[in-house]
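Note: the block below is input-v8.pdb and it holds PDB, C-alpha atoms and all ligand atoms.
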MODEL        1
ATOM      1  CA  MET A   1     -57.415 134.910  20.914  1.00  0.00           C
ATOM      2  CA  MET A   2     -54.628 132.359  20.523  1.00  0.00           C
ATOM      3  CA  ARG A   3     -57.053 129.718  19.323  1.00  0.00           C
ATOM      4  CA  SER A   4     -58.493 131.930  16.573  1.00  0.00           C
ATOM      5  CA  LEU A   5     -54.988 132.837  15.390  1.00  0.00           C
ATOM      6  CA  LEU A   6     -54.123 129.120  15.058  1.00  0.00           C
ATOM      7  CA  ALA A   7     -57.312 128.565  13.067  1.00  0.00           C
ATOM      8  CA  VAL A   8     -56.336 131.320  10.630  1.00  0.00           C
ATOM      9  CA  VAL A   9     -52.845 129.824  10.235  1.00  0.00           C
ATOM     10  CA  ALA A  10     -54.313 126.353   9.633  1.00  0.00           C
ATOM     11  CA  ILE A  11     -56.671 127.648   6.935  1.00  0.00           C
ATOM     12  CA  PHE A  12     -53.828 129.503   5.258  1.00  0.00           C
ATOM     13  CA  MET A  13     -51.698 126.321   5.178  1.00  0.00           C
ATOM     14  CA  VAL A  14     -54.507 124.262   3.638  1.00  0.00           C
ATOM     15  CA  GLY A  15     -54.901 126.936   0.972  1.00  0.00           C
ATOM     16  CA  ALA A  16     -51.163 126.924   0.273  1.00  0.00           C
ATOM     17  CA  CYS A  17     -51.114 123.137  -0.151  1.00  0.00           C
ATOM     18  CA  SER A  18     -54.061 123.040  -2.523  1.00  0.00           C
ATOM     19  CA  SER A  19     -52.560 125.780  -4.680  1.00  0.00           C
ATOM     20  CA  THR A  20     -49.445 123.652  -5.307  1.00  0.00           C
ATOM     21  CA  SER A  21     -51.374 120.523  -6.354  1.00  0.00           C
ATOM     22  CA  ALA A  22     -51.064 119.678 -10.022  1.00  0.00           C
ATOM     23  CA  GLY A  23     -53.178 121.278 -12.678  1.00  0.00           C
ATOM     24  CA  SER A  24     -53.130 120.372 -16.341  1.00  0.00           C
ATOM     25  CA  THR A  25     -49.541 121.566 -16.687  1.00  0.00           C
ATOM     26  CA  GLY A  26     -48.644 119.208 -13.872  1.00  0.00           C
ATOM     27  CA  ASN A  27     -46.147 118.875 -11.076  1.00  0.00           C
ATOM     28  CA  PHE A  28     -44.294 115.653 -11.600  1.00  0.00           C
ATOM     29  CA  PRO A  29     -42.449 113.465  -9.090  1.00  0.00           C
ATOM     30  CA  ALA A  30     -38.677 113.051  -9.201  1.00  0.00           C
ATOM     31  CA  ASP A  31     -38.756 109.322  -9.897  1.00  0.00           C
ATOM     32  CA  ALA A  32     -39.864 107.959 -13.265  1.00  0.00           C
ATOM     33  CA  TYR A  33     -42.985 105.778 -13.296  1.00  0.00           C
ATOM     34  CA  ALA A  34     -41.981 103.830 -16.418  1.00  0.00           C
ATOM     35  CA  THR A  35     -39.207 103.843 -18.979  1.00  0.00           C
ATOM     36  CA  GLY A  36     -38.715 102.587 -22.496  1.00  0.00           C
ATOM     37  CA  ALA A  37     -36.692 102.920 -25.669  1.00  0.00           C
ATOM     38  CA  THR A  38     -37.602 103.761 -29.235  1.00  0.00           C
ATOM     39  CA  ASP A  39     -37.747 100.988 -31.848  1.00  0.00           C
ATOM     40  CA  SER A  40     -34.372 102.105 -33.262  1.00  0.00           C
ATOM     41  CA  GLY A  41     -32.771 102.000 -29.808  1.00  0.00           C
ATOM     42  CA  LYS A  42     -31.385 105.525 -30.297  1.00  0.00           C
ATOM     43  CA  TYR A  43     -33.572 107.248 -27.712  1.00  0.00           C
ATOM     44  CA  LYS A  44     -34.835 106.484 -24.236  1.00  0.00           C
ATOM     45  CA  ILE A  45     -37.993 107.832 -22.644  1.00  0.00           C
ATOM     46  CA  GLU A  46     -38.971 108.280 -19.006  1.00  0.00           C
ATOM     47  CA  ILE A  47     -42.555 109.012 -18.051  1.00  0.00           C
ATOM     48  CA  ARG A  48     -43.970 110.667 -14.941  1.00  0.00           C
ATOM     49  CA  THR A  49     -47.648 111.074 -14.148  1.00  0.00           C
ATOM     50  CA  SER A  50     -49.775 113.846 -12.645  1.00  0.00           C
ATOM     51  CA  PRO A  51     -51.853 114.616 -10.602  1.00  0.00           C
ATOM     52  CA  THR A  52     -50.866 111.340  -8.913  1.00  0.00           C
ATOM     53  CA  GLN A  53     -48.217 108.693  -9.431  1.00  0.00           C
ATOM     54  CA  PRO A  54     -49.161 105.851  -9.687  1.00  0.00           C
ATOM     55  CA  PRO A  55     -52.077 107.228 -11.709  1.00  0.00           C
ATOM     56  CA  SER A  56     -55.710 106.698 -10.773  1.00  0.00           C
ATOM     57  CA  PRO A  57     -58.187 105.966 -13.587  1.00  0.00           C
ATOM     58  CA  GLY A  58     -59.092 109.242 -15.283  1.00  0.00           C
ATOM     59  CA  THR A  59     -57.526 112.090 -17.213  1.00  0.00           C
ATOM     60  CA  LEU A  60     -53.799 112.495 -16.645  1.00  0.00           C
ATOM     61  CA  SER A  61     -50.946 114.722 -17.620  1.00  0.00           C
ATOM     62  CA  ILE A  62     -47.810 112.768 -18.486  1.00  0.00           C
ATOM     63  CA  ASP A  63     -44.276 114.147 -18.659  1.00  0.00           C
ATOM     64  CA  LEU A  64     -42.178 112.498 -21.356  1.00  0.00           C
ATOM     65  CA  ALA A  65     -38.412 112.963 -20.921  1.00  0.00           C
ATOM     66  CA  VAL A  66     -36.611 111.995 -24.131  1.00  0.00           C
ATOM     67  CA  PHE A  67     -32.857 111.562 -24.206  1.00  0.00           C
ATOM     68  CA  ASP A  68     -30.108 109.961 -26.263  1.00  0.00           C
ATOM     69  CA  ALA A  69     -29.602 106.339 -25.201  1.00  0.00           C
ATOM     70  CA  THR A  70     -25.802 106.651 -25.427  1.00  0.00           C
ATOM     71  CA  THR A  71     -24.937 110.207 -24.409  1.00  0.00           C
ATOM     72  CA  HIS A  72     -28.063 110.894 -22.290  1.00  0.00           C
ATOM     73  CA  ALA A  73     -28.315 114.301 -24.006  1.00  0.00           C
ATOM     74  CA  PRO A  74     -31.902 115.629 -23.993  1.00  0.00           C
ATOM     75  CA  ILE A  75     -33.626 115.568 -27.385  1.00  0.00           C
ATOM     76  CA  GLU A  76     -35.332 118.822 -28.303  1.00  0.00           C
ATOM     77  CA  GLY A  77     -37.444 119.790 -31.298  1.00  0.00           C
ATOM     78  CA  LEU A  78     -39.446 116.582 -31.507  1.00  0.00           C
ATOM     79  CA  GLY A  79     -42.995 116.246 -32.679  1.00  0.00           C
ATOM     80  CA  ILE A  80     -44.666 113.556 -30.549  1.00  0.00           C
ATOM     81  CA  ASP A  81     -48.022 111.908 -31.142  1.00  0.00           C
ATOM     82  CA  VAL A  82     -49.348 110.026 -28.106  1.00  0.00           C
ATOM     83  CA  VAL A  83     -51.910 107.249 -28.533  1.00  0.00           C
ATOM     84  CA  PRO A  84     -53.106 105.613 -25.293  1.00  0.00           C
ATOM     85  CA  TRP A  85     -53.927 101.949 -25.936  1.00  0.00           C
ATOM     86  CA  MET A  86     -55.257  99.106 -23.791  1.00  0.00           C
ATOM     87  CA  PRO A  87     -53.861  95.999 -25.505  1.00  0.00           C
ATOM     88  CA  ALA A  88     -55.793  93.336 -23.535  1.00  0.00           C
ATOM     89  CA  MET A  89     -59.093  94.908 -24.598  1.00  0.00           C
ATOM     90  CA  GLY A  90     -58.072  96.298 -27.981  1.00  0.00           C
ATOM     91  CA  HIS A  91     -59.225  99.864 -27.421  1.00  0.00           C
ATOM     92  CA  GLY A  92     -57.828 103.357 -27.228  1.00  0.00           C
ATOM     93  CA  THR A  93     -59.464 106.544 -26.009  1.00  0.00           C
ATOM     94  CA  SER A  94     -61.940 108.932 -27.585  1.00  0.00           C
ATOM     95  CA  VAL A  95     -59.815 111.888 -26.488  1.00  0.00           C
ATOM     96  CA  THR A  96     -56.596 112.771 -28.341  1.00  0.00           C
ATOM     97  CA  PRO A  97     -53.811 113.948 -26.016  1.00  0.00           C
ATOM     98  CA  THR A  98     -52.155 117.287 -26.732  1.00  0.00           C
ATOM     99  CA  VAL A  99     -48.369 117.481 -26.416  1.00  0.00           C
ATOM    100  CA  THR A 100     -46.404 120.600 -25.486  1.00  0.00           C
ATOM    101  CA  GLU A 101     -42.606 120.838 -25.599  1.00  0.00           C
ATOM    102  CA  LYS A 102     -41.267 122.188 -22.284  1.00  0.00           C
ATOM    103  CA  GLY A 103     -37.532 122.326 -23.072  1.00  0.00           C
ATOM    104  CA  SER A 104     -34.540 120.238 -21.950  1.00  0.00           C
ATOM    105  CA  GLY A 105     -36.024 117.139 -23.578  1.00  0.00           C
ATOM    106  CA  HIS A 106     -39.301 117.314 -21.654  1.00  0.00           C
ATOM    107  CA  TYR A 107     -42.691 117.123 -23.332  1.00  0.00           C
ATOM    108  CA  VAL A 108     -45.999 117.165 -21.471  1.00  0.00           C
ATOM    109  CA  ALA A 109     -49.003 115.266 -22.800  1.00  0.00           C
ATOM    110  CA  ASP A 110     -52.297 116.596 -21.420  1.00  0.00           C
ATOM    111  CA  ASP A 111     -55.733 114.973 -21.712  1.00  0.00           C
ATOM    112  CA  VAL A 112     -54.371 111.428 -21.503  1.00  0.00           C
ATOM    113  CA  SER A 113     -57.616 109.598 -20.734  1.00  0.00           C
ATOM    114  CA  LEU A 114     -56.637 106.338 -19.015  1.00  0.00           C
ATOM    115  CA  PHE A 115     -60.194 105.769 -17.890  1.00  0.00           C
ATOM    116  CA  MET A 116     -59.925 102.124 -16.761  1.00  0.00           C
ATOM    117  CA  GLN A 117     -57.764 100.265 -14.299  1.00  0.00           C
ATOM    118  CA  GLY A 118     -55.302  97.873 -15.907  1.00  0.00           C
ATOM    119  CA  ASP A 119     -52.337  97.691 -18.236  1.00  0.00           C
ATOM    120  CA  TRP A 120     -52.189 100.458 -20.811  1.00  0.00           C
ATOM    121  CA  GLN A 121     -49.584 101.457 -23.366  1.00  0.00           C
ATOM    122  CA  LEU A 122     -48.512 104.863 -24.579  1.00  0.00           C
ATOM    123  CA  ARG A 123     -47.828 104.429 -28.282  1.00  0.00           C
ATOM    124  CA  LEU A 124     -45.497 107.248 -29.272  1.00  0.00           C
ATOM    125  CA  THR A 125     -44.646 108.454 -32.762  1.00  0.00           C
ATOM    126  CA  PHE A 126     -41.691 110.824 -33.078  1.00  0.00           C
ATOM    127  CA  THR A 127     -41.421 113.277 -35.961  1.00  0.00           C
ATOM    128  CA  LYS A 128     -39.420 116.412 -36.893  1.00  0.00           C
ATOM    129  CA  ALA A 129     -36.069 115.924 -35.071  1.00  0.00           C
ATOM    130  CA  ALA A 130     -36.507 112.122 -35.209  1.00  0.00           C
ATOM    131  CA  ASP A 131     -38.412 109.467 -37.164  1.00  0.00           C
ATOM    132  CA  ASP A 132     -39.082 106.720 -34.644  1.00  0.00           C
ATOM    133  CA  HIS A 133     -41.668 104.926 -32.517  1.00  0.00           C
ATOM    134  CA  ALA A 134     -41.880 103.687 -28.942  1.00  0.00           C
ATOM    135  CA  THR A 135     -44.374 101.718 -26.872  1.00  0.00           C
ATOM    136  CA  ILE A 136     -44.244 102.482 -23.157  1.00  0.00           C
ATOM    137  CA  PRO A 137     -46.215 100.271 -20.755  1.00  0.00           C
ATOM    138  CA  ILE A 138     -48.187 102.163 -18.099  1.00  0.00           C
ATOM    139  CA  ASP A 139     -50.059 100.412 -15.293  1.00  0.00           C
ATOM    140  CA  VAL A 140     -53.163 102.042 -13.831  1.00  0.00           C
ATOM    141  CA  PRO A 141     -53.641 100.232 -10.507  1.00  0.00           C
TER     142      PRO A 141
HETATM  143 CU    CU B   1     -60.187  98.580 -21.230  1.00  0.00          CU
ENDMDL
END
Before anything else, please render the file you have as structure tokens.
Ligand SMILES: [Cu+2]
Amino acid sequence: MMRSLLAVVAIFMVGACSSTSAGSTGNFPADAYATGATDSGKYKIEIRTSPTQPPSPGTLSIDLAVFDATTHAPIEGLGIDVVPWMPAMGHGTSVTPTVTEKGSGHYVADDVSLFMQGDWQLRLTFTKAADDHATIPIDVP
């Protein structure tokens, strides 16, 4: 009787854990994986990766936190184009990431296809509330 009750509890806990693992909208860790600044120096960007950080080769979701380099105020209302690029091999990806603004300066890029191990870049183009570019290095170990 006691043993079967423990089994039920164990199954429930496994189910609870798997339901909190990241989907395409992502659960992102507290610590940034990489940081960078825009070409103008006006804005800084932190990135976080999901479903794992560091990322494994494959399709990721990436949280982009964009804030003012001086005041640290979050920057809202940006359009952001994300181009993954592997500079050592001179290739990008066949899949174009989609970017969704989440508020408070956070933007989530889904379908980021970092399909090989190695050093990648996220080449970012900012439009609407800004006119700027940034290149953020991202290592896929
Ligand atoms: Cu490559």
_Once the PyMOL selection byres (((chain A and resi 110-120) around 8) and not hetatm) is applied to the coordinates I shared, what remains selected? I want it as a ChimeraX atom specification._
/A:24-25,56-62,84-88,93,95-99,108-109,121-122,137-141
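Taking CA of Lys44 (chain A) and CA of Gly92 (chain A) as endpoints, the distance between them is 23.4 Å.
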*Quote the spacing between CA of Tyr107 (chain A) and CA of Leu124 (chain A) in Å to one decimal place.*
11.9 Å
*Please, what distance in Å, to one decimal, runs between CA of Pro29 (chain A) and CA of Asp131 (chain A)?*
28.6 Å
*Give me the residues within 7 Å of Pro74 (chain A) as a list in words, counting only C-alpha atoms and dropping any in the same chain fewer than 4 places off.*
Val66, Phe67, Asp68, Ser104 and Gly105 of chain A
Using only C-alpha atoms, please write the residues we just selected to a file, as a PDB file, in the frame of the given file.
ATOM      1  CA  VAL A  66     -36.611 111.995 -24.131  1.00  0.00           C
ATOM      2  CA  PHE A  67     -32.857 111.562 -24.206  1.00  0.00           C
ATOM      3  CA  ASP A  68     -30.108 109.961 -26.263  1.00  0.00           C
ATOM      4  CA  SER A 104     -34.540 120.238 -21.950  1.00  0.00           C
ATOM      5  CA  GLY A 105     -36.024 117.139 -23.578  1.00  0.00           C
TER       6      GLY A 105
END
_Can you pull out the residues contacting Ala65 (chain A)? Cut-off 12 Å, using all atoms listed in the file, and skip same-chain residues under 3 positions away; I want them as a PyMOL selection string._
chain A and resi 28+30-37+43-49+62+68-69+72-76+78+80+100-109
Axis-aligned box for all listed atoms of region 60-63 of chain A, 6 Å per side, centre and edges in Å to one decimal, as lines of an AutoDock Vina configuration file:
center_x = -49.0
center_y = 113.6
center_z = -17.7
size_x = 21.5
size_y = 14.2
size_z = 14.0
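Candidate residues A:Asp132, A:His91, A:Gln53, A:Thr125 were compared for distance to ligand CU 1 (chain B), and the nearest is A:His91, using all atoms listed in the file.
Distances here use all atoms listed in the file; by that measure, the residue among A:Lys42, A:Met89, A:Asn27, A:His133 closest to ligand CU 1 (chain B) is A:Met89.
Ranking A:Ala129, A:Ala134, A:Pro51, A:Gly90 by their shortest atom-to-atom distance to ligand CU 1 (chain B), with only C-alpha atoms and all ligand atoms included, puts A:Gly90 first.
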